[in-house]
file entry_21.csv (CSV, C-alpha atoms)
chain,number,residue,atom,x,y,z
R,1,MET,CA,18.3,-18.4,-22.2
R,2,ASP,CA,16.2,-16.6,-19.6
R,3,HIS,CA,12.6,-17.9,-20.1
R,4,ARG,CA,11.2,-15.1,-17.9
R,5,ARG,CA,12.3,-12.3,-20.3
R,6,GLY,CA,9.3,-10.3,-21.4
R,7,MET,CA,7.0,-11.9,-18.8
R,8,VAL,CA,5.0,-9.7,-16.4
R,9,ASP,CA,5.3,-10.3,-12.7
R,10,GLU,CA,1.7,-9.9,-11.6
R,11,ASP,CA,2.8,-9.6,-7.9
R,12,LEU,CA,4.1,-6.1,-8.8
R,13,MET,CA,1.0,-4.8,-10.5
R,14,PHE,CA,-1.5,-2.7,-8.6
R,15,THR,CA,-4.7,-0.8,-9.5
R,16,GLU,CA,-6.6,2.1,-7.8
R,17,SER,CA,-10.2,2.2,-6.7
R,18,GLN,CA,-12.7,5.0,-7.1
R,19,ASP,CA,-12.0,8.2,-5.1
R,20,PHE,CA,-13.2,8.0,-1.5
R,21,GLY,CA,-12.9,11.8,-1.1
R,22,GLU,CA,-10.1,14.3,-1.4
R,23,GLY,CA,-8.2,12.1,-3.8
R,24,PHE,CA,-7.8,9.1,-1.4
R,25,ARG,CA,-8.2,5.7,-3.0
R,26,THR,CA,-7.5,2.1,-2.1
R,27,VAL,CA,-4.5,0.5,-3.9
R,28,ARG,CA,-5.3,-3.1,-4.8
R,29,LEU,CA,-3.4,-6.1,-6.1
R,30,ALA,CA,-4.3,-6.2,-9.8
R,31,SER,CA,-4.6,-10.0,-9.9
R,32,ASP,CA,-6.9,-10.0,-6.8
R,33,THR,CA,-8.7,-6.7,-6.2
R,34,LEU,CA,-10.1,-7.9,-2.9
R,35,LEU,CA,-6.6,-7.4,-1.4
R,36,ASN,CA,-5.9,-3.8,-0.5
R,37,MET,CA,-2.6,-2.2,0.5
R,38,THR,CA,-2.8,-1.7,4.2
R,39,LEU,CA,-0.6,0.1,6.6
R,40,MET,CA,0.3,-2.3,9.5
R,41,PRO,CA,-1.0,-1.1,12.9
R,42,GLU,CA,1.7,-0.1,15.3
R,43,GLU,CA,0.9,-2.9,17.7
R,44,GLU,CA,1.7,-5.4,15.0
R,45,ASN,CA,5.1,-3.8,14.3
R,46,SER,CA,7.1,-4.8,17.4
R,47,SER,CA,10.4,-5.3,15.6
R,48,GLY,CA,11.6,-1.8,16.4
R,49,GLY,CA,13.7,-1.9,13.2
R,50,LEU,CA,13.5,0.3,10.1
R,51,PHE,CA,9.7,0.7,10.2
R,52,HIS,CA,8.3,4.1,11.1
R,53,HIS,CA,4.7,5.2,11.2
R,54,HIS,CA,4.2,8.4,13.2
R,55,LYS,CA,0.5,8.2,14.0
R,56,ALA,CA,0.5,11.5,16.0
R,57,GLU,CA,1.9,13.3,13.0
R,58,ASN,CA,-0.3,11.4,10.6
R,59,GLN,CA,2.6,10.5,8.3
R,60,VAL,CA,4.2,7.5,6.8
R,61,LYS,CA,8.0,7.4,6.5
R,62,GLU,CA,10.2,5.4,4.2
R,63,GLY,CA,10.3,1.8,5.5
R,64,THR,CA,6.8,1.8,7.0
R,65,PRO,CA,5.5,-1.8,6.8
R,66,ILE,CA,2.5,-2.5,4.7
R,67,THR,CA,0.5,-5.7,4.0
R,68,LEU,CA,-2.3,-6.8,1.7
R,69,ASP,CA,-5.6,-7.3,3.5
R,70,THR,CA,-9.3,-7.3,2.7
R,71,TRP,CA,-11.3,-4.0,2.9
R,72,HIS,CA,-12.0,-2.9,6.5
R,73,GLU,CA,-13.0,0.7,5.7
R,74,LYS,CA,-10.1,2.1,7.7
R,75,GLU,CA,-7.9,5.1,7.0
R,76,ALA,CA,-4.9,2.7,7.0
R,77,GLN,CA,-6.2,1.4,3.7
R,78,LEU,CA,-6.7,4.8,1.9
R,79,TRP,CA,-3.8,6.3,-0.1
R,80,LYS,CA,-3.1,9.4,-2.1
R,81,ILE,CA,-0.5,9.0,-4.7
R,82,PHE,CA,1.6,12.0,-5.8
R,83,PRO,CA,4.0,12.3,-8.8
R,84,LEU,CA,7.6,12.6,-7.8
R,85,CYS,CA,8.2,15.2,-10.5
R,86,GLU,CA,5.8,17.4,-12.5
call {"tool": "encode", "arguments": {"input": "entry_21.csv", "output": "structure tokens"}}
result
Amino acid sequence: MDHRRGMVDEDLMFTESQDFGEGFRTVRLASDTLLNMTLMPEEENSSGGLFHHHKAENQVKEGTPITLDTWHEKEAQLWKIFPLCE
């Protein structure tokens, strides 16, 4: 019998903050709202692998590395979430 059935994995639950303007919000770990989803700076991503953040184009592509970090009031911590379908 699987004892985990019906249990919630809190590591996969996130919440949004208030609007910081133009629909941008922080995305925070639900179990610890001091940890914000943060785009990794390019200098910390030296793997050269599947991770792509085009700073000049101001876009994030699939596979861009993110981490959880405390609030630093940086653009790398503000997100706008769009529905995939309407």
call {"tool": "closest_residue", "arguments": {"input": "entry_21.csv", "among": "R:Thr33, R:Ser17, R:Thr26, R:Thr38", "to": "Pro65 in chain R", "atoms": "only C-alpha atoms"}}
result
R:Thr38
call {"tool": "atom_distance", "arguments": {"input": "entry_21.csv", "atom1": "CA of Glu10 in chain R", "atom2": "CA of Ala30 in chain R"}}
result
7.3 Å
call {"tool": "closest_residue", "arguments": {"input": "entry_21.csv", "among": "R:Thr64, R:Met40, R:Thr70, R:Arg25", "to": "Phe82 in chain R", "atoms": "all atoms listed in the file"}}
result
R:Arg25
call {"tool": "atom_distance", "arguments": {"input": "entry_21.csv", "atom1": "CA of Phe14 in chain R", "atom2": "CA of Ser31 in chain R"}}
result
8.0 Å
call {"tool": "residues_around", "arguments": {"input": "entry_21.csv", "residues": "range 71-73 of chain R", "least_positions_apart": "5", "cutoff": "8 Å", "atoms": "all atoms listed in the file", "output": "PDB file with C-alpha atoms, in the frame of the given file"}}
result
ATOM      1  CA  LEU R  34     -10.100  -7.900  -2.900  1.00  0.00           C
ATOM      2  CA  LEU R  35      -6.600  -7.400  -1.400  1.00  0.00           C
ATOM      3  CA  ASN R  36      -5.900  -3.800  -0.500  1.00  0.00           C
TER       4      ASN R  36
END
